[in-house]
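Participant: What follows is upload_12.cif, made up of mmCIF, C-alpha atoms:
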```cif
data_data
#
loop_
_atom_site.label_atom_id
_atom_site.label_comp_id
_atom_site.auth_asym_id
_atom_site.auth_seq_id
_atom_site.Cartn_x
_atom_site.Cartn_y
_atom_site.Cartn_z
CA MET H 1 52.26 87.06 74.30
CA THR H 2 54.38 84.32 75.88
CA VAL H 3 55.92 85.00 79.26
CA GLN H 4 59.13 83.08 79.97
CA SER H 5 59.40 81.37 83.32
CA PRO H 6 61.97 82.64 85.83
CA GLN H 7 63.83 79.33 85.49
CA ARG H 8 64.22 79.70 81.71
CA PHE H 9 65.37 83.29 82.21
CA LYS H 10 68.02 82.14 84.69
CA SER H 11 69.19 79.46 82.26
CA ALA H 12 69.53 81.98 79.45
CA LEU H 13 71.42 84.34 81.74
CA SER H 14 73.80 81.54 82.70
CA VAL H 15 74.56 80.85 79.03
CA ILE H 16 75.28 84.54 78.39
CA LEU H 17 77.60 84.72 81.39
CA ALA H 18 79.43 81.59 80.25
CA ILE H 19 80.00 83.11 76.80
CA LEU H 20 81.31 86.32 78.34
CA LEU H 21 83.69 84.45 80.59
CA TRP H 22 85.13 82.59 77.62
CA ASN H 23 85.49 85.79 75.61
CA PRO H 24 89.26 86.52 75.21
CA ASP H 25 88.68 90.25 75.76
CA VAL H 26 86.94 89.56 79.07
CA ALA H 27 89.61 87.06 80.06
CA GLN H 28 92.30 89.66 79.37
CA ALA H 29 90.47 92.26 81.45
CA ALA H 30 90.35 89.77 84.31
CA GLU H 31 94.16 89.66 84.28
CA GLU H 32 94.49 93.43 84.54
CA GLN H 33 95.93 94.48 87.87
CA THR H 34 95.93 98.00 89.25
CA PRO H 35 99.49 98.71 90.44
CA MET H 36 99.99 99.99 93.97
CA GLU H 37 100.06 103.79 94.20
CA MET H 38 103.29 104.85 95.90
CA PRO H 39 105.02 108.22 96.35
CA ASP H 40 108.09 107.21 94.28
CA ILE H 41 110.56 108.43 96.88
CA ASN H 42 113.94 109.64 95.61
CA GLN H 43 116.83 108.04 97.48
CA LEU H 44 118.55 111.44 97.64
CA ASP H 45 115.78 112.58 100.01
CA ALA H 46 117.80 110.83 102.72
CA GLY H 47 120.42 113.58 102.59
CA VAL H 48 124.16 112.97 102.82
CA ASN H 49 124.03 109.18 102.46
CA GLY H 50 121.27 109.20 99.86
CA ARG H 51 123.49 108.08 97.00
CA MET H 52 123.58 104.60 98.54
CA ASP H 53 120.09 104.62 100.09
CA CYS H 54 118.15 102.88 97.34
CA GLY H 55 117.29 100.09 99.82
CA PRO H 56 115.68 102.31 102.48
CA ALA H 57 113.92 104.36 99.77
CA ALA H 58 112.52 101.24 98.07
CA ALA H 59 111.19 100.04 101.43
CA ALA H 60 109.71 103.46 102.25
CA ASN H 61 107.67 103.47 99.03
CA TYR H 62 105.78 100.36 100.13
CA LEU H 63 105.49 101.53 103.74
CA TYR H 64 103.68 104.69 102.60
CA TRP H 65 101.25 102.54 100.60
CA LEU H 66 100.80 100.24 103.60
CA SER H 67 100.02 103.16 105.92
CA SER H 68 96.99 104.07 103.82
CA HIS H 69 95.78 100.46 103.52
CA GLY H 70 94.99 99.44 107.08
CA TYR H 71 98.30 100.08 108.83
CA PRO H 72 98.11 103.75 109.85
CA ALA H 73 100.86 103.56 112.48
CA VAL H 74 103.49 102.68 109.86
CA VAL H 75 103.73 106.30 108.71
CA LYS H 76 101.92 108.84 110.87
CA LYS H 77 100.47 111.69 108.83
CA GLY H 78 101.77 115.08 109.84
CA GLN H 79 104.49 113.57 112.04
CA ASP H 80 106.70 111.38 109.87
CA SER H 81 108.52 113.19 107.06
CA LYS H 82 110.13 111.24 104.22
CA SER H 83 113.59 112.13 105.47
CA LYS H 84 112.70 110.88 108.97
CA ILE H 85 111.40 107.55 107.65
CA LEU H 86 114.45 107.15 105.40
CA LEU H 87 116.86 107.89 108.24
CA GLU H 88 115.11 105.38 110.49
CA LEU H 89 115.25 102.69 107.81
CA GLU H 90 118.85 103.56 106.99
CA GLN H 91 119.86 102.94 110.59
CA LEU H 92 117.83 99.74 111.00
CA MET H 93 119.14 98.35 107.69
CA GLN H 94 122.70 99.41 108.53
CA ALA H 95 123.03 101.00 105.10
CA ASP H 96 126.58 102.16 104.41
CA SER H 97 128.85 103.22 101.56
CA THR H 98 128.37 99.82 99.92
CA GLY H 99 124.57 100.00 100.04
CA THR H 100 122.24 97.48 101.69
CA GLY H 101 122.50 93.70 101.44
CA VAL H 102 119.54 91.33 101.49
CA ALA H 103 120.10 90.18 105.08
CA ASN H 104 120.28 93.74 106.43
CA PHE H 105 117.38 94.88 104.25
CA SER H 106 114.99 92.16 105.44
CA GLY H 107 116.14 92.45 109.05
CA GLY H 108 115.79 96.23 109.08
CA LEU H 109 112.36 96.14 107.41
CA SER H 110 111.11 93.60 109.96
CA ALA H 111 112.47 95.68 112.84
CA PHE H 112 110.78 98.80 111.46
CA LEU H 113 107.36 97.12 111.24
CA TYR H 114 107.69 95.64 114.74
CA SER H 115 108.61 99.07 116.10
CA LYS H 116 105.34 100.43 114.69
CA GLY H 117 103.25 97.73 116.35
CA TYR H 118 102.96 95.17 113.55
CA LYS H 119 104.38 91.71 113.06
CA ILE H 120 105.40 89.70 110.01
CA ARG H 121 103.13 86.95 108.71
CA SER H 122 105.70 85.74 106.19
CA LEU H 123 109.08 86.84 104.88
CA GLU H 124 110.85 85.25 101.92
CA CYS H 125 114.24 86.18 100.54
CA LEU H 126 114.86 84.69 97.09
CA GLY H 127 118.08 84.68 95.08
CA TRP H 128 121.82 84.19 95.45
CA ARG H 129 122.66 87.09 97.77
CA ARG H 130 123.71 86.44 101.38
CA GLY H 131 120.61 86.02 103.52
CA ALA H 132 118.54 84.67 100.59
CA ASN H 133 117.55 81.08 99.79
CA GLN H 134 120.01 80.61 96.86
CA ILE H 135 117.12 79.92 94.46
CA PRO H 136 116.39 82.30 91.54
CA PRO H 137 113.37 84.58 92.17
CA ASN H 138 110.25 83.36 90.37
CA LEU H 139 107.20 85.18 89.04
CA ASN H 140 104.68 83.06 90.93
CA THR H 141 106.02 84.04 94.35
CA LEU H 142 106.26 87.72 93.41
CA LYS H 143 102.71 87.81 92.03
CA LYS H 144 101.25 85.90 94.98
CA THR H 145 102.78 88.38 97.42
CA ILE H 146 101.50 91.40 95.48
CA ASP H 147 98.02 89.86 95.20
CA GLN H 148 97.87 89.60 99.00
CA GLY H 149 98.89 93.22 99.51
CA GLY H 150 102.43 92.32 100.49
CA GLY H 151 105.62 94.18 99.70
CA VAL H 152 108.06 92.98 97.04
CA PHE H 153 111.49 94.54 96.79
CA LEU H 154 113.71 93.67 93.83
CA ASN H 155 117.49 93.68 94.15
CA PHE H 156 119.04 94.00 90.70
CA GLY H 157 122.69 93.47 89.95
CA TRP H 158 124.30 95.64 87.30
CA TYR H 159 126.36 93.45 84.97
CA ARG H 160 128.54 93.77 81.91
CA THR H 161 128.59 90.90 79.46
CA GLY H 162 132.00 89.28 79.20
CA THR H 163 133.53 86.64 76.99
CA GLY H 164 132.49 83.04 77.27
CA ASP H 165 128.86 83.75 78.22
CA ARG H 166 129.91 85.43 81.46
CA TYR H 167 128.21 88.29 83.31
CA LEU H 168 130.48 90.55 85.37
CA ARG H 169 128.76 92.29 88.30
CA THR H 170 129.62 95.98 88.73
CA GLY H 171 127.06 97.05 91.34
CA GLY H 172 123.45 96.73 92.42
CA HIS H 173 120.20 98.54 93.10
CA TRP H 174 116.86 98.16 94.93
CA VAL H 175 113.45 99.01 93.41
CA THR H 176 109.87 98.52 94.66
CA LEU H 177 107.52 96.24 92.74
CA ALA H 178 104.07 97.84 92.41
CA GLY H 179 102.42 95.14 90.31
CA PHE H 180 102.25 93.67 86.83
CA ALA H 181 100.75 94.91 83.57
CA ILE H 182 99.44 93.21 80.44
CA ASP H 183 102.01 92.52 77.73
CA GLU H 184 100.71 94.35 74.64
CA GLN H 185 102.57 91.93 72.36
CA ASN H 186 101.08 88.95 74.17
CA PRO H 187 97.66 89.98 75.59
CA GLY H 188 97.25 86.69 77.44
CA SER H 189 100.26 87.45 79.62
CA SER H 190 100.57 89.90 82.52
CA ASN H 191 104.33 89.65 82.96
CA VAL H 192 105.29 93.30 82.52
CA PHE H 193 106.93 94.51 85.73
CA VAL H 194 105.69 97.84 87.11
CA VAL H 195 108.17 99.33 89.58
CA TYR H 196 109.11 102.50 91.41
CA ASP H 197 112.81 103.24 91.02
CA PRO H 198 114.30 105.51 93.74
CA SER H 199 117.32 106.42 91.60
CA PRO H 200 117.68 109.99 90.24
CA ARG H 201 118.07 108.28 86.83
CA SER H 202 114.32 107.76 86.91
CA GLY H 203 113.72 111.53 86.81
CA SER H 204 112.68 114.21 89.26
CA GLN H 205 108.93 113.64 88.88
CA PRO H 206 107.12 110.59 90.33
CA LYS H 207 106.55 107.89 87.73
CA ARG H 208 106.39 104.15 87.27
CA GLU H 209 108.95 102.22 85.28
CA THR H 210 107.83 99.25 83.19
CA PHE H 211 109.90 96.48 81.67
CA GLN H 212 109.96 92.77 80.99
CA LEU H 213 112.36 90.21 82.37
CA THR H 214 113.29 86.95 80.71
CA GLY H 215 115.06 83.97 82.21
CA LEU H 216 118.68 83.33 81.30
CA THR H 217 119.18 79.91 79.72
CA SER H 218 122.94 79.63 80.21
CA GLY H 219 126.02 81.49 81.38
CA THR H 220 127.93 82.29 84.55
CA LEU H 221 127.54 85.14 87.02
CA ILE H 222 130.80 86.67 88.26
CA THR H 223 129.48 88.16 91.47
CA ASN H 224 132.44 90.16 92.80
CA LYS H 225 136.06 91.19 92.29
CA ASN H 226 137.25 87.86 93.67
CA GLU H 227 135.43 86.23 90.76
CA VAL H 228 133.06 84.12 92.85
CA THR H 229 130.88 82.40 90.28
CA LEU H 230 127.50 80.70 90.06
CA PRO H 231 125.24 79.45 87.24
CA ALA H 232 123.21 82.20 85.58
CA LYS H 233 120.50 79.84 84.33
CA HIS H 234 116.93 80.73 85.39
CA TYR H 235 117.85 84.17 86.74
CA LEU H 236 115.58 86.86 85.29
CA HIS H 237 117.28 89.64 83.36
CA TYR H 238 116.74 92.88 81.45
CA THR H 239 119.01 94.17 78.68
CA LYS H 240 119.77 97.80 77.94
CA LEU H 241 118.70 97.18 74.33
CA GLN H 242 115.07 96.96 75.50
CA ASN H 243 115.32 100.68 76.28
CA THR H 244 112.25 100.86 78.52
CA TRP H 245 114.11 101.32 81.82
CA LYS H 246 117.23 103.42 82.29
CA ILE H 247 120.11 101.53 83.89
CA PRO H 248 123.66 102.79 84.58
CA ALA H 249 126.01 103.43 81.68
CA SER H 250 128.47 101.03 83.31
CA ALA H 251 126.11 98.09 82.77
CA ASP H 252 124.41 96.55 79.77
CA VAL H 253 122.40 93.94 81.67
CA ALA H 254 120.32 94.05 84.87
CA ILE H 255 119.90 90.67 86.54
CA LEU H 256 117.41 90.03 89.34
CA ASP H 257 119.90 88.81 91.94
CA ALA H 258 117.36 88.69 94.77
CA ALA H 259 113.85 89.59 95.87
CA VAL H 260 112.45 90.18 99.35
CA CYS H 261 108.74 89.37 99.79
CA VAL H 262 107.02 90.41 103.01
CA LEU H 263 103.46 90.03 104.29
CA PRO H 264 102.77 92.13 107.40
CA GLU H 265 100.16 91.24 109.99
CA LYS H 266 98.41 93.34 112.60
CA LEU H 267 99.18 92.53 116.22
#
```
Written as structure tokens, how would this file's structure read?
Facilitator:
Amino acid sequence: MTVQSPQRFKSALSVILAILLWNPDVAQAAEEQTPMEMPDINQLDAGVNGRMDCGPAAAANYLYWLSSHGYPAVVKKGQDSKSKILLELEQLMQADSTGTGVANFSGGLSAFLYSKGYKIRSLECLGWRRGANQIPPNLNTLKKTIDQGGGVFLNFGWYRTGTGDRYLRTGGHWVTLAGFAIDEQNPGSSNVFVVYDPSPRSGSQPKRETFQLTGLTSGTLITNKNEVTLPAKHYLHYTKLQNTWKIPASADVAILDAAVCVLPEKL
């Protein structure tokens, strides 16, 4: 009976590990990401102003996750009800009948975290909305923030397609990004968005919405009634024809107008 030396055993083990790492199935599993578990707060929980409180509700979803991942003062168990948190965010974000813009959203979220004893390590606002950097949101930044346990809030514009490759904005909405999932049609890609949508359209029971976004290659965004325009190229969009996420009847396209990415830090 021949006994292999420990060195030969280690070499054989290294070869096996190398084969496993190059195995496509193993590589795919390595890309799998467990989405953040959030309460999926309904914006109507805010009460009278809930119809326009998608911004505060989207922020609250992440704040509840954060409170159970090393930041307990963000939401105090047994003391802070959902309606209380929403009302506080609503006031800090200055949400009104028109909703919540990017500048007020990011400012209110920062103020909320500071009031709970935490500071902001980084805050990025991507997109064309006021208070953002005027550069289309990109997957790399969104994924990097999620990977670090940060919060990503997506501001979609509701658009109708017009003549001449134009997109006419009719409204907007905030959702919370929970992570990314593997694309079943393209197993090597993890570009399926997993979000929590605070709108009643999403149903009365907590659930995650999943969809894919693709970059526009041409066109013009008509951003308001005064017909302020900007190039649509590179902005990520979702079409109603995909039928995996319910958007308003008044729109046939959802375009990612902006994204707020925040990384909190303990004081």
Participant: What would the selection look like, as a PyMOL selection string, if the PyMOL selection byres ((chain H and resi 123) around 8) were run on the coordinates I just shared?
Facilitator: chain H and resi 106+120-122+124-125+260-263
Participant: List the residues matched by the PyMOL selection byres ((chain H and resi 229) around 12) in the displayed structure as an mmCIF file with C-alpha atoms, in the frame of the given file, ordered by chain and then by residue number.
Facilitator:
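Everything below was put into out_10.cif:
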```
data_model
loop_
_atom_site.group_PDB
_atom_site.id
_atom_site.type_symbol
_atom_site.label_atom_id
_atom_site.label_comp_id
_atom_site.auth_asym_id
_atom_site.auth_seq_id
_atom_site.Cartn_x
_atom_site.Cartn_y
_atom_site.Cartn_z
ATOM 1 C CA TRP H 128 121.820 84.190 95.450
ATOM 2 C CA ARG H 166 129.910 85.430 81.460
ATOM 3 C CA TYR H 167 128.210 88.290 83.310
ATOM 4 C CA LEU H 168 130.480 90.550 85.370
ATOM 5 C CA ARG H 169 128.760 92.290 88.300
ATOM 6 C CA GLY H 219 126.020 81.490 81.380
ATOM 7 C CA THR H 220 127.930 82.290 84.550
ATOM 8 C CA LEU H 221 127.540 85.140 87.020
ATOM 9 C CA ILE H 222 130.800 86.670 88.260
ATOM 10 C CA THR H 223 129.480 88.160 91.470
ATOM 11 C CA ASN H 224 132.440 90.160 92.800
ATOM 12 C CA LYS H 225 136.060 91.190 92.290
ATOM 13 C CA ASN H 226 137.250 87.860 93.670
ATOM 14 C CA GLU H 227 135.430 86.230 90.760
ATOM 15 C CA VAL H 228 133.060 84.120 92.850
ATOM 16 C CA LEU H 230 127.500 80.700 90.060
ATOM 17 C CA PRO H 231 125.240 79.450 87.240
ATOM 18 C CA ALA H 232 123.210 82.200 85.580
#
```
Participant: In Å, rounded to a single decimal, give me how far CA of Gly108 in chain H is from CA of Gln94 in chain H.
Facilitator: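 One can read the CA of Gln94 in chain H to CA of Gly108 in chain H distance as 7.6 Å.
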Participant: So that I can see what lies close to Pro56 in chain H, please list as a PyMOL selection string the residues with an atom at most 12 Å from it, counting all atoms listed in the file and leaving out residues fewer than 5 positions away in the same chain.
Facilitator: chain H and resi 41-46+49-51+61-63+82-96+99-102+104-109+112+153+173-176+197-199
Participant: Could you give me, as a PDB file with C-alpha atoms, in the coordinates of the input, the residues that sit within 9 Å of (100.3, 99.7, 101.1) in the file's coordinates, counting all atoms listed in the file?
Facilitator:
```pdb
ATOM      1  CA  MET H  36      99.990  99.990  93.970  1.00  0.00           C
ATOM      2  CA  GLU H  37     100.060 103.790  94.200  1.00  0.00           C
ATOM      3  CA  MET H  38     103.290 104.850  95.900  1.00  0.00           C
ATOM      4  CA  ASN H  61     107.670 103.470  99.030  1.00  0.00           C
ATOM      5  CA  TYR H  62     105.780 100.360 100.130  1.00  0.00           C
ATOM      6  CA  LEU H  63     105.490 101.530 103.740  1.00  0.00           C
ATOM      7  CA  TYR H  64     103.680 104.690 102.600  1.00  0.00           C
ATOM      8  CA  TRP H  65     101.250 102.540 100.600  1.00  0.00           C
ATOM      9  CA  LEU H  66     100.800 100.240 103.600  1.00  0.00           C
ATOM     10  CA  SER H  67     100.020 103.160 105.920  1.00  0.00           C
ATOM     11  CA  SER H  68      96.990 104.070 103.820  1.00  0.00           C
ATOM     12  CA  HIS H  69      95.780 100.460 103.520  1.00  0.00           C
ATOM     13  CA  GLY H  70      94.990  99.440 107.080  1.00  0.00           C
ATOM     14  CA  TYR H  71      98.300 100.080 108.830  1.00  0.00           C
ATOM     15  CA  GLY H 149      98.890  93.220  99.510  1.00  0.00           C
ATOM     16  CA  GLY H 150     102.430  92.320 100.490  1.00  0.00           C
ATOM     17  CA  GLY H 151     105.620  94.180  99.700  1.00  0.00           C
TER      18      GLY H 151
END
```
Participant: What does the distance from CA of Gln185 in chain H to CA of Gln242 in chain H come to in Å, to one decimal?
Facilitator: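 Computed distance, CA of Gln185 in chain H to CA of Gln242 in chain H, equals 13.8 Å.
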Participant: What separation in Å, quoted to one decimal, exists between CA of Leu154 in chain H and CA of Lys233 in chain H?
Facilitator: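 Computing it gives 18.1 Å between the two atoms.
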Participant: Could you tell me which residues the PyMOL selection byres ((chain H and resi 179) around 8) returns for this structure, as a compact mmCIF listing (two decimals) with C-alpha atoms, keeping the file's coordinate frame?
Facilitator:
```
# COMPACT_ATOMS: atom_id res chain seq x y z
CA GLN H 33 95.93 94.48 87.87
CA THR H 34 95.93 98.00 89.25
CA PRO H 35 99.49 98.71 90.44
CA MET H 36 99.99 99.99 93.97
CA LYS H 143 102.71 87.81 92.03
CA ILE H 146 101.50 91.40 95.48
CA LEU H 177 107.52 96.24 92.74
CA ALA H 178 104.07 97.84 92.41
CA PHE H 180 102.25 93.67 86.83
CA ALA H 181 100.75 94.91 83.57
CA PHE H 193 106.93 94.51 85.73
CA VAL H 194 105.69 97.84 87.11
CA VAL H 195 108.17 99.33 89.58
```
Participant: From the set H:Ser202, H:Val74, H:Pro39, H:Asp80, which residue has the shortest atom-to-atom contact distance to Ala111 in chain H, counting all atoms listed in the file?
Facilitator: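 Result for the nearest residue to Ala111 in chain H: H:Val74.
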Participant: Considering only C-alpha atoms, state which residue in the set H:Gly55, H:Gly127, H:Gly117, H:Gly203 is at the smallest distance from Val75 in chain H.
Facilitator: H:Gly117
Participant: Nearest to Thr170 in chain H: which of H:Asp53, H:Asp252, H:Asp183, H:Glu209 is it, counting all atoms listed in the file?
Facilitator: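 With all atoms listed in the file as the atom set, the closest residue is H:Asp252.
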Participant: Return the single residue from H:Leu213, H:Ala59, H:Leu142, H:Ala251 that is closest to Tyr159 in chain H, with distances computed using all atoms listed in the file.
Facilitator: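 Using all atoms listed in the file, the shortest distance to Tyr159 in chain H belongs to H:Ala251.
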Participant: Between H:Gln148, H:Ser110, H:Thr244, H:Ser189, which one has atoms that come closest to Arg208 in chain H, using all atoms listed in the file?
Facilitator: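 The closest residue to Arg208 in chain H is H:Thr244.
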